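For reference, the structure is listed below as structure tokens.
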Amino acid sequence: MSTPSVAAQNGDWAATVDRLVAEKIASRIAAKDATIWGPEAESESAIRLNWVDLHDTSRPLLAEIEALLAELRAEGLDRIVLAGMGGSSLAPEVITRTAGVDLVVLDSTNPSVIARALAGDLQRTVIVVSSKSGGTVETDSQRRVFVKAFTDAGIDASSRVVVVTDPGSPFEKLSADEGYRKTFLADPNVGGRYSALTAFGLVPSGLAGADVAELLDQAAEAAPALQDDSADNPALLLGAVLAASGDRDKAIITADGSDIVGFPDWAEQLIAESTGKNGTGVLPVAVKGLHAPELHSNAADIVNALLADKATSDVPTALTSGSLGGQMLLWETATAVAGYLLGINPFDQPDVESAKKAARGLLDAQPEAEAAAFTDGAVEVRGTDGLLDGVDSVQGALDSLLGNLGEDGYLAVMAYLDSERDENLMAIRPALSKRTGRPVTFGWGPRFLHSTGQYHKGGHQQGVFLQITSSESADVEIPDRPFSFGTLITAQAAGDAGVLADRGRPVLRLHLTDPAAGVEQLISLLDAPDKSEDGGA
């Protein structure tokens with residue numbers, strides 16, 4: 001194990017760190033002082049600070065996880081599927097990928113993704129359904145379809161469902177009523193994006209075979225340094241780099257120099273949802289590799305936050321290192337510090353609900369699809385008012401969208417596709433960044449709605465948005481629901497685009513009538529390589 005460390009280059013944050021030390025911010029966070037972020041945030045902060053000592057309080061879970069794992073393996077049940085969104089999926093994904101163990105992460109409503117998960121060997125499968133309330137539409141739908149699949153295969157579905165939820169939630173009651181295999185209760189005073197070391201992160205990871213006890217040990221080793229009111233506290237320095245760098249409001253994140261796999265995707269949600277509100281915040285840009293264009297742009301509005309040992313340019317840079325458990329606690333603490341420096345509440349997410357409401361409205365109304373402005377090859381093209389005036393090709397539509405990109409702006413690619421089947425599409429991220437000279441985020445829908453989706457609506461209003469959807473060859477019905485997965489993902493995409501448009505942001509919507517042909521058309525159009533050299537969440 002190694003304690004986390006941060007080295008900062010190309011900037012001067014000494015005065016900010018000294019201020020944080022003088023105000024005892026680190027020790028006050030460790031003491032769960034809810035007053036740090038101001039009176040408006042106090043009520044929320046008071047019920048969101050238990051993440052600071054999870055390395056101690058989560059220990060009783062270990063025996064429960066170990067006992068269930070032994071039972072499942074004795075029964076030949078070794079395929080773990082996780083139904084969860086946002087913090088419920090991103091932490092287990094990085095934990096298991098870093099540990100090198102298999103976990104099927106189901107955080108999509110794309111029918112192709114659902115069908116592939118259902119096509120796995122159900123005789124060996126257990127599904128972990130993670131939701132604080134149980135009412136999240138994605139996870140509820142995934143639970144329903146797996147229960148039916150188990151039943152149709154002659155399997156006792158209740159014996160194959162493991163629940164992770166908050167105590168006293170409707171989901172806890174449902175689990176008891178249905179007789180599900182096991183219910184793990186998480187700490188209710190921890191928000192989703194800070195929940196890596198709660199049952200939400202530990203249960204699916206542990207059942208998949210990751211050493212979650214070691215993860216807690218790593219965080220415990222890191223905690224003293226992160227709680228110390230000292231200029232050497234790495235969380236204070238990282239928080240200062242993220243939030244106290246003048247007009248530098250975009251953080252480029254990569255883990256290229258680390259053996260931690262997928263860390264930028266987890267950090268992306270943590271930072272975007274925590275800071276992107278009240279018209280301010282830090283936009284995290286998750287990239288893969290030190291060759292990403294943003295890391296060499298020397299743009300005036302970015303900082304680099306790298307799990308690496310060297311800087312890539314002359315922009316302000318934080319270089320972090322350490323074990324996964326230590327890094328998670330480091331970045332959580334640093335994000336809370338950044339929220340303090342920005343003057344916002346890092347524990348709420350006021351704009352996540354807007355897209356959910358819009359999607360629910362569309363599911364209820366089931367309106368006719370908006371007619372395409374035109375079709376070019378395998379791509380139907382739609383756009384916000386005025387965006388497509390005089391345009392009759394995908395290339396022209398992209399030119400028009402990028403023409404709205406300001407000198408301090410960013411482009412968000414929002415792909416409501418199959419992240420495994422359509423993985424090559426991620427190659428357009430660095431291609432678009434090279435073309436524009438601006439940061440480009442890439443998010444798989446609908447999971448990014450629980451991540452950068454908050455920043456898109458609540459943060460700096462600088463973004464232009466490229467939404468990509470697809471027609472799937474087969475849909476998947478959701479038991480006892482008046483809509484299918486195809487209907488659901490269509491409503492989620494349309495609802496998100498509508499909320500962005502209502503806020504005056506330009507949105508280009510490209511619908512692939514044939515996913516394979518459409519992805520290839522976009523890759524060719526942007527001269528992107530066949531395989532992604534870089535990607536994001």
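All residue names refer to the structure tokens as shown: chains lettered A, B, ... in order, residues numbered from 1 in each chain, ligands numbered from 1 in order.
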
- Message: Applying 12 Å and only C-alpha atoms, which residues near Val337 in chain A remain after dropping the ones on its own chain fewer than 5 positions away? List them as an MDAnalysis selection string.
- Response: chainID A and resid 16:17 19:21 23:30 36:37 226:227 233:244 271 274:275 330:332 342:347

Saved selection, atoms kept: N, CA and C atoms, as a tab-separated table (two decimals), in the first residue's frame:
chain	number	residue	atom	x	y	z
A	16	THR	N	-3.52	29.78	-0.92
A	16	THR	CA	-4.81	29.10	-0.74
A	16	THR	C	-4.69	27.98	0.28
A	17	VAL	N	-3.65	27.17	0.16
A	17	VAL	CA	-3.46	26.07	1.10
A	17	VAL	C	-3.26	26.62	2.51
A	19	ARG	N	-4.47	29.31	3.73
A	19	ARG	CA	-5.80	29.73	4.21
A	19	ARG	C	-6.60	28.53	4.69
A	20	LEU	N	-6.56	27.44	3.93
A	20	LEU	CA	-7.30	26.24	4.31
A	20	LEU	C	-6.77	25.66	5.62
A	21	VAL	N	-5.46	25.72	5.79
A	21	VAL	CA	-4.86	25.23	7.03
A	21	VAL	C	-5.29	26.12	8.21
A	23	GLU	N	-7.90	27.91	8.53
A	23	GLU	CA	-9.33	27.75	8.82
A	23	GLU	C	-9.67	26.32	9.25
A	24	LYS	N	-8.66	25.47	9.36
A	24	LYS	CA	-8.81	24.10	9.84
A	24	LYS	C	-9.85	23.31	9.03
A	25	ILE	N	-9.84	23.51	7.73
A	25	ILE	CA	-10.85	22.86	6.88
A	25	ILE	C	-10.70	21.34	6.91
A	26	ALA	N	-9.48	20.83	6.88
A	26	ALA	CA	-9.29	19.38	6.84
A	26	ALA	C	-9.83	18.72	8.11
A	27	SER	N	-9.45	19.24	9.25
A	27	SER	CA	-9.91	18.62	10.50
A	27	SER	C	-11.41	18.84	10.71
A	28	ARG	N	-11.93	19.93	10.21
A	28	ARG	CA	-13.38	20.17	10.33
A	28	ARG	C	-14.16	19.21	9.44
A	29	ILE	N	-13.65	18.92	8.25
A	29	ILE	CA	-14.30	17.91	7.41
A	29	ILE	C	-14.26	16.56	8.12
A	30	ALA	N	-13.11	16.21	8.67
A	30	ALA	CA	-12.98	14.93	9.38
A	30	ALA	C	-13.93	14.85	10.57
A	36	ILE	N	-19.28	24.19	7.27
A	36	ILE	CA	-18.17	24.63	6.42
A	36	ILE	C	-18.66	25.31	5.16
A	37	TRP	N	-19.71	24.78	4.54
A	37	TRP	CA	-20.12	25.24	3.21
A	37	TRP	C	-21.23	26.29	3.27
A	226	LEU	N	-4.96	13.08	5.28
A	226	LEU	CA	-6.01	13.87	4.66
A	226	LEU	C	-6.81	14.67	5.69
A	227	GLN	N	-6.69	14.31	6.96
A	227	GLN	CA	-7.41	14.99	8.02
A	227	GLN	C	-6.56	16.02	8.76
A	233	ASN	N	-0.86	18.45	3.49
A	233	ASN	CA	-2.06	17.65	3.25
A	233	ASN	C	-2.35	17.59	1.75
A	234	PRO	N	-2.28	16.41	1.12
A	234	PRO	CA	-2.47	16.34	-0.34
A	234	PRO	C	-3.86	16.73	-0.79
A	235	ALA	N	-4.88	16.51	0.04
A	235	ALA	CA	-6.25	16.87	-0.35
A	235	ALA	C	-6.42	18.38	-0.43
A	236	LEU	N	-5.77	19.11	0.45
A	236	LEU	CA	-5.86	20.57	0.39
A	236	LEU	C	-5.21	21.09	-0.89
A	237	LEU	N	-4.08	20.51	-1.26
A	237	LEU	CA	-3.39	20.95	-2.47
A	237	LEU	C	-4.19	20.57	-3.72
A	238	LEU	N	-4.72	19.35	-3.78
A	238	LEU	CA	-5.52	18.95	-4.93
A	238	LEU	C	-6.77	19.80	-5.04
A	239	GLY	N	-7.44	20.04	-3.93
A	239	GLY	CA	-8.63	20.90	-3.96
A	239	GLY	C	-8.30	22.29	-4.45
A	240	ALA	N	-7.15	22.82	-4.04
A	240	ALA	CA	-6.74	24.15	-4.47
A	240	ALA	C	-6.45	24.19	-5.96
A	241	VAL	N	-5.79	23.16	-6.49
A	241	VAL	CA	-5.51	23.12	-7.94
A	241	VAL	C	-6.82	23.07	-8.72
A	242	LEU	N	-7.77	22.27	-8.24
A	242	LEU	CA	-9.04	22.12	-8.96
A	242	LEU	C	-9.87	23.40	-8.95
A	243	ALA	N	-9.87	24.12	-7.83
A	243	ALA	CA	-10.85	25.19	-7.67
A	243	ALA	C	-10.26	26.58	-7.53
A	244	ALA	N	-8.98	26.70	-7.34
A	244	ALA	CA	-8.41	28.02	-7.05
A	244	ALA	C	-7.37	28.42	-8.09
A	271	ILE	N	-16.64	14.99	-9.31
A	271	ILE	CA	-16.36	16.42	-9.46
A	271	ILE	C	-17.51	17.14	-10.14
A	274	SER	N	-20.64	17.34	-7.90
A	274	SER	CA	-20.39	18.07	-6.66
A	274	SER	C	-20.20	19.56	-6.89
A	275	THR	N	-19.59	19.95	-8.00
A	275	THR	CA	-19.23	21.36	-8.20
A	275	THR	C	-20.05	22.07	-9.26
A	330	LEU	N	-8.82	10.55	-1.04
A	330	LEU	CA	-8.14	11.80	-1.41
A	330	LEU	C	-9.03	12.67	-2.28
A	331	TRP	N	-9.57	12.11	-3.35
A	331	TRP	CA	-10.36	12.90	-4.29
A	331	TRP	C	-11.70	13.31	-3.70
A	332	GLU	N	-12.29	12.48	-2.85
A	332	GLU	CA	-13.51	12.88	-2.17
A	332	GLU	C	-13.25	14.10	-1.27
A	342	LEU	N	-15.15	27.20	-3.93
A	342	LEU	CA	-16.06	27.73	-4.95
A	342	LEU	C	-17.30	28.37	-4.34
A	343	GLY	N	-17.55	28.14	-3.06
A	343	GLY	CA	-18.72	28.70	-2.41
A	343	GLY	C	-20.00	28.00	-2.76
A	344	ILE	N	-19.92	26.69	-3.01
A	344	ILE	CA	-21.14	25.93	-3.35
A	344	ILE	C	-21.27	24.74	-2.39
A	345	ASN	N	-22.44	24.11	-2.44
A	345	ASN	CA	-22.73	22.92	-1.65
A	345	ASN	C	-22.28	21.70	-2.46
A	346	PRO	N	-21.25	20.99	-2.04
A	346	PRO	CA	-20.78	19.87	-2.84
A	346	PRO	C	-21.58	18.58	-2.68
A	347	PHE	N	-22.68	18.63	-1.94
A	347	PHE	CA	-23.40	17.40	-1.64
A	347	PHE	C	-24.80	17.33	-2.26

- Message: When you look at range 404-413 of chain A with a cut-off of 10 Å (counting only C-alpha atoms), what residues show up, excluding the ones that are within fewer than 6 positions of it in the same chain? I need them as number ranges by chain.
- Response: A: 247-250, 283, 285, 299-302, 387, 426, 428-429, 432-433, 436-445, 452-453, 456, 460-468, 505-508, 536

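The residue set within 6 Å of range 162-179 of chain A, counting only C-alpha atoms and dropping same-chain residues fewer than 5 places from it, reads A:Val128, A:Val129, A:Ser130, A:Ser131, A:Lys132, A:Ser133, A:Gly134, A:Phe184, A:Leu185, A:Ala186, A:Pro188.
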
Quick one: write out the picked residues with all heavy atoms as a JSON list (two decimals), in the first residue's frame?
[["chain", "number", "residue", "atom", "x", "y", "z"],
["A", 128, "VAL", "N", -27.12, -8.01, -8.49],
["A", 128, "VAL", "CA", -27.10, -7.07, -7.37],
["A", 128, "VAL", "C", -27.79, -5.80, -7.84],
["A", 128, "VAL", "O", -27.35, -5.17, -8.80],
["A", 128, "VAL", "CB", -25.65, -6.76, -6.93],
["A", 128, "VAL", "CG1", -25.66, -5.76, -5.77],
["A", 128, "VAL", "CG2", -24.92, -8.03, -6.53],
["A", 129, "VAL", "N", -28.88, -5.46, -7.19],
["A", 129, "VAL", "CA", -29.64, -4.27, -7.56],
["A", 129, "VAL", "C", -29.36, -3.19, -6.52],
["A", 129, "VAL", "O", -29.71, -3.34, -5.35],
["A", 129, "VAL", "CB", -31.15, -4.56, -7.65],
["A", 129, "VAL", "CG1", -31.89, -3.35, -8.23],
["A", 129, "VAL", "CG2", -31.40, -5.79, -8.52],
["A", 130, "SER", "N", -28.71, -2.11, -6.96],
["A", 130, "SER", "CA", -28.27, -1.06, -6.04],
["A", 130, "SER", "C", -29.03, 0.22, -6.28],
["A", 130, "SER", "O", -28.96, 0.80, -7.37],
["A", 130, "SER", "CB", -26.77, -0.80, -6.22],
["A", 130, "SER", "OG", -26.00, -1.89, -5.76],
["A", 131, "SER", "N", -29.76, 0.66, -5.28],
["A", 131, "SER", "CA", -30.52, 1.91, -5.39],
["A", 131, "SER", "C", -30.85, 2.38, -3.98],
["A", 131, "SER", "O", -31.34, 1.59, -3.16],
["A", 131, "SER", "CB", -31.80, 1.70, -6.19],
["A", 131, "SER", "OG", -32.62, 2.85, -6.18],
["A", 132, "LYS", "N", -30.62, 3.65, -3.71],
["A", 132, "LYS", "CA", -30.91, 4.18, -2.37],
["A", 132, "LYS", "C", -32.38, 4.05, -2.02],
["A", 132, "LYS", "O", -32.73, 3.74, -0.89],
["A", 132, "LYS", "CB", -30.46, 5.65, -2.29],
["A", 132, "LYS", "CG", -28.94, 5.83, -2.26],
["A", 132, "LYS", "CD", -28.55, 7.28, -2.20],
["A", 132, "LYS", "CE", -28.74, 7.88, -0.81],
["A", 132, "LYS", "NZ", -27.84, 7.29, 0.21],
["A", 133, "SER", "N", -33.25, 4.26, -3.02],
["A", 133, "SER", "CA", -34.68, 4.20, -2.75],
["A", 133, "SER", "C", -35.35, 3.00, -3.40],
["A", 133, "SER", "O", -36.38, 2.53, -2.94],
["A", 133, "SER", "CB", -35.37, 5.47, -3.27],
["A", 133, "SER", "OG", -35.34, 5.50, -4.69],
["A", 134, "GLY", "N", -34.75, 2.53, -4.50],
["A", 134, "GLY", "CA", -35.37, 1.49, -5.30],
["A", 134, "GLY", "C", -36.23, 2.04, -6.41],
["A", 134, "GLY", "O", -36.69, 1.30, -7.28],
["A", 184, "PHE", "N", -28.48, -5.71, 1.79],
["A", 184, "PHE", "CA", -27.41, -4.97, 2.47],
["A", 184, "PHE", "C", -27.86, -3.52, 2.62],
["A", 184, "PHE", "O", -28.31, -2.90, 1.65],
["A", 184, "PHE", "CB", -26.12, -5.00, 1.65],
["A", 184, "PHE", "CG", -25.43, -6.34, 1.62],
["A", 184, "PHE", "CD1", -25.74, -7.26, 0.63],
["A", 184, "PHE", "CD2", -24.48, -6.67, 2.57],
["A", 184, "PHE", "CE1", -25.10, -8.49, 0.58],
["A", 184, "PHE", "CE2", -23.83, -7.90, 2.54],
["A", 184, "PHE", "CZ", -24.14, -8.82, 1.54],
["A", 185, "LEU", "N", -27.72, -3.00, 3.81],
["A", 185, "LEU", "CA", -28.13, -1.63, 4.08],
["A", 185, "LEU", "C", -26.90, -0.72, 4.13],
["A", 185, "LEU", "O", -25.94, -0.98, 4.86],
["A", 185, "LEU", "CB", -28.90, -1.54, 5.39],
["A", 185, "LEU", "CG", -30.20, -2.35, 5.41],
["A", 185, "LEU", "CD1", -30.87, -2.23, 6.77],
["A", 185, "LEU", "CD2", -31.15, -1.93, 4.29],
["A", 186, "ALA", "N", -26.94, 0.33, 3.33],
["A", 186, "ALA", "CA", -25.83, 1.28, 3.27],
["A", 186, "ALA", "C", -26.07, 2.41, 4.27],
["A", 186, "ALA", "O", -27.16, 2.57, 4.82],
["A", 186, "ALA", "CB", -25.71, 1.85, 1.86],
["A", 188, "PRO", "N", -27.12, 5.81, 5.20],
["A", 188, "PRO", "CA", -27.97, 6.78, 4.50],
["A", 188, "PRO", "C", -27.38, 8.19, 4.51],
["A", 188, "PRO", "O", -27.84, 9.04, 3.74],
["A", 188, "PRO", "CB", -29.27, 6.73, 5.29],
["A", 188, "PRO", "CG", -28.86, 6.31, 6.68],
["A", 188, "PRO", "CD", -27.72, 5.36, 6.47]]

If we count only C-alpha atoms and set the cut-off at 10 Å, which residues sit around Gly11 in chain A, ignoring sequence neighbours fewer than 5 positions away in its own chain? Please answer as an mmCIF file with C-alpha atoms, in the first residue's frame.
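Wrote result.cif, looks like this:
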data_model
loop_
_atom_site.group_PDB
_atom_site.id
_atom_site.type_symbol
_atom_site.label_atom_id
_atom_site.label_comp_id
_atom_site.auth_asym_id
_atom_site.auth_seq_id
_atom_site.Cartn_x
_atom_site.Cartn_y
_atom_site.Cartn_z
ATOM 1 C CA VAL A 241 -5.510 23.123 -7.935
ATOM 2 C CA SER A 245 -6.767 28.432 -10.433
ATOM 3 C CA VAL A 303 -5.823 22.407 -15.303
ATOM 4 C CA ASP A 314 2.933 24.128 -18.937
ATOM 5 C CA VAL A 315 -0.615 24.418 -17.571
ATOM 6 C CA PRO A 316 -1.234 24.067 -13.817
ATOM 7 C CA THR A 317 -1.012 20.391 -12.973
ATOM 8 C CA ALA A 318 -1.653 18.124 -10.008
#

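When only C-alpha atoms are used to compute distances to Gly120 in chain A, the closest of the residues A:Ala70, A:Leu363, A:Leu90, A:Val81 turns out to be A:Val81.
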
- Task: Pull the helix (DSSP H, G or I) assignments for range 332-499 of chain A out of DSSP run on the backbone, and list those residues as a PyMOL selection string.
- Result: chain A and resi 332-342+352-365+394-402+423-436+447-450+452-458+485-499

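Nearest-residue note for Ser45 in chain A: choosing from A:Thr487, A:Asn189, A:Asn278, A:Thr333, the minimum distance belongs to A:Asn189, counting only C-alpha atoms.
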
Contacts of Ala213 in chain A at 12 Å (only C-alpha atoms; same-chain gap of 2+ positions) as a compact mmCIF listing (two decimals) with C-alpha atoms, in the first residue's frame:
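Result file result-v4.txt:
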# COMPACT_ATOMS: atom_id res chain seq x y z
CA LEU A 54 -16.17 4.69 6.09
CA HIS A 55 -12.84 2.89 6.30
CA ASP A 56 -13.87 2.19 9.91
CA SER A 58 -17.95 -0.19 6.78
CA ARG A 59 -15.89 -2.98 8.36
CA PRO A 60 -18.92 -4.94 9.65
CA LEU A 61 -19.98 -5.42 6.03
CA LEU A 62 -16.91 -7.51 5.27
CA ALA A 63 -18.07 -10.60 7.15
CA GLU A 64 -21.52 -10.40 5.55
CA ILE A 65 -20.03 -10.11 2.07
CA GLU A 66 -17.60 -12.96 2.69
CA ILE A 95 -12.72 -1.40 -8.11
CA LEU A 197 -16.60 2.57 0.45
CA THR A 198 -20.22 1.92 1.51
CA GLY A 201 -19.24 -0.01 -3.67
CA LEU A 202 -18.18 -2.93 -1.52
CA VAL A 203 -20.98 -5.47 -2.00
CA SER A 205 -17.13 -5.65 -5.86
CA GLY A 206 -16.66 -8.15 -3.06
CA GLY A 209 -14.05 -11.34 -6.06
CA ALA A 210 -12.28 -8.05 -5.33
CA ASP A 211 -10.40 -7.72 -2.03
CA LEU A 215 -9.56 -1.27 -0.10
CA LEU A 216 -10.69 -0.20 3.38
CA ASP A 217 -7.17 -0.73 4.70
CA GLN A 218 -5.81 1.56 1.99
CA ALA A 219 -8.30 4.30 2.88
CA ALA A 220 -7.52 3.91 6.58
CA GLY A 325 -8.65 3.21 -1.57

- Message: For a quick check of understanding, using only C-alpha atoms, which of A:Arg382, A:Arg79, A:Lys148, A:Lys457 has the smallest distance to Leu398 in chain A?
- Response: A:Arg382

- Task: Find the residue from A:Ala292, A:Asp18, A:Val113, A:Arg193 that sits nearest to Asp229 in chain A; use only C-alpha atoms when measuring.
- Result: A:Asp18

- Query: What's the 12 Å shell around Asp348 in chain A, counting only C-alpha atoms, without same-chain residues fewer than 5 positions away, as a PyMOL selection string?
  - Reply: chain A and resi 37+40-48+190-194+270-278+336+339+353+454-455+458

- Task: Would you work out the distance separating CA of Pro264 in chain A from CA of Ala305 in chain A, expressed in Å to one decimal?
- Result: 9.5 Å

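The space between CA of Leu401 in chain A and CA of Ala501 in chain A spans 13.1 Å.
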
- Task: Please give the complete set of residues from range 177-218 of chain A that DSSP, run on the backbone, assigns to strand (DSSP E or B), formatted as an MDAnalysis selection string.
- Result: chainID A and resid 182:185

Now that the selection is made, can you save its residues with C-alpha atoms as an mmCIF file, in the first residue's frame?
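Wrote it out as result.cif, contents follow:
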data_model
loop_
_atom_site.group_PDB
_atom_site.id
_atom_site.type_symbol
_atom_site.label_atom_id
_atom_site.label_comp_id
_atom_site.auth_asym_id
_atom_site.auth_seq_id
_atom_site.Cartn_x
_atom_site.Cartn_y
_atom_site.Cartn_z
ATOM 1 C CA LYS A 182 -29.965 -10.764 0.853
ATOM 2 C CA THR A 183 -30.436 -7.075 1.614
ATOM 3 C CA PHE A 184 -27.413 -4.970 2.466
ATOM 4 C CA LEU A 185 -28.126 -1.627 4.076
#

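Going from CA of Ser112 in chain A over to CA of Val352 in chain A, you cover 25.0 Å.
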
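Among the candidates A:Leu207, A:Leu307, A:Ala286, A:Ala15, the one nearest to Ser451 in chain A when counting only C-alpha atoms is A:Ala286.
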
Find the residues around Thr98 in chain A up to 6 Å (only C-alpha atoms counted), leave out those fewer than 4 positions away in its own chain, and share them as a PDB file with N, CA and C atoms, in the first residue's frame.
ATOM      1  N   VAL A  94     -14.643   0.635 -11.259  1.00  0.00           N
ATOM      2  CA  VAL A  94     -13.213   0.894 -11.134  1.00  0.00           C
ATOM      3  C   VAL A  94     -12.561  -0.074 -10.140  1.00  0.00           C
ATOM      4  N   ILE A 260      -4.398   1.844 -11.626  1.00  0.00           N
ATOM      5  CA  ILE A 260      -5.828   1.961 -11.337  1.00  0.00           C
ATOM      6  C   ILE A 260      -6.569   2.117 -12.666  1.00  0.00           C
ATOM      7  N   VAL A 261      -7.535   1.237 -12.925  1.00  0.00           N
ATOM      8  CA  VAL A 261      -8.194   1.173 -14.226  1.00  0.00           C
ATOM      9  C   VAL A 261      -9.547   1.870 -14.166  1.00  0.00           C
TER      10      VAL A 261
END
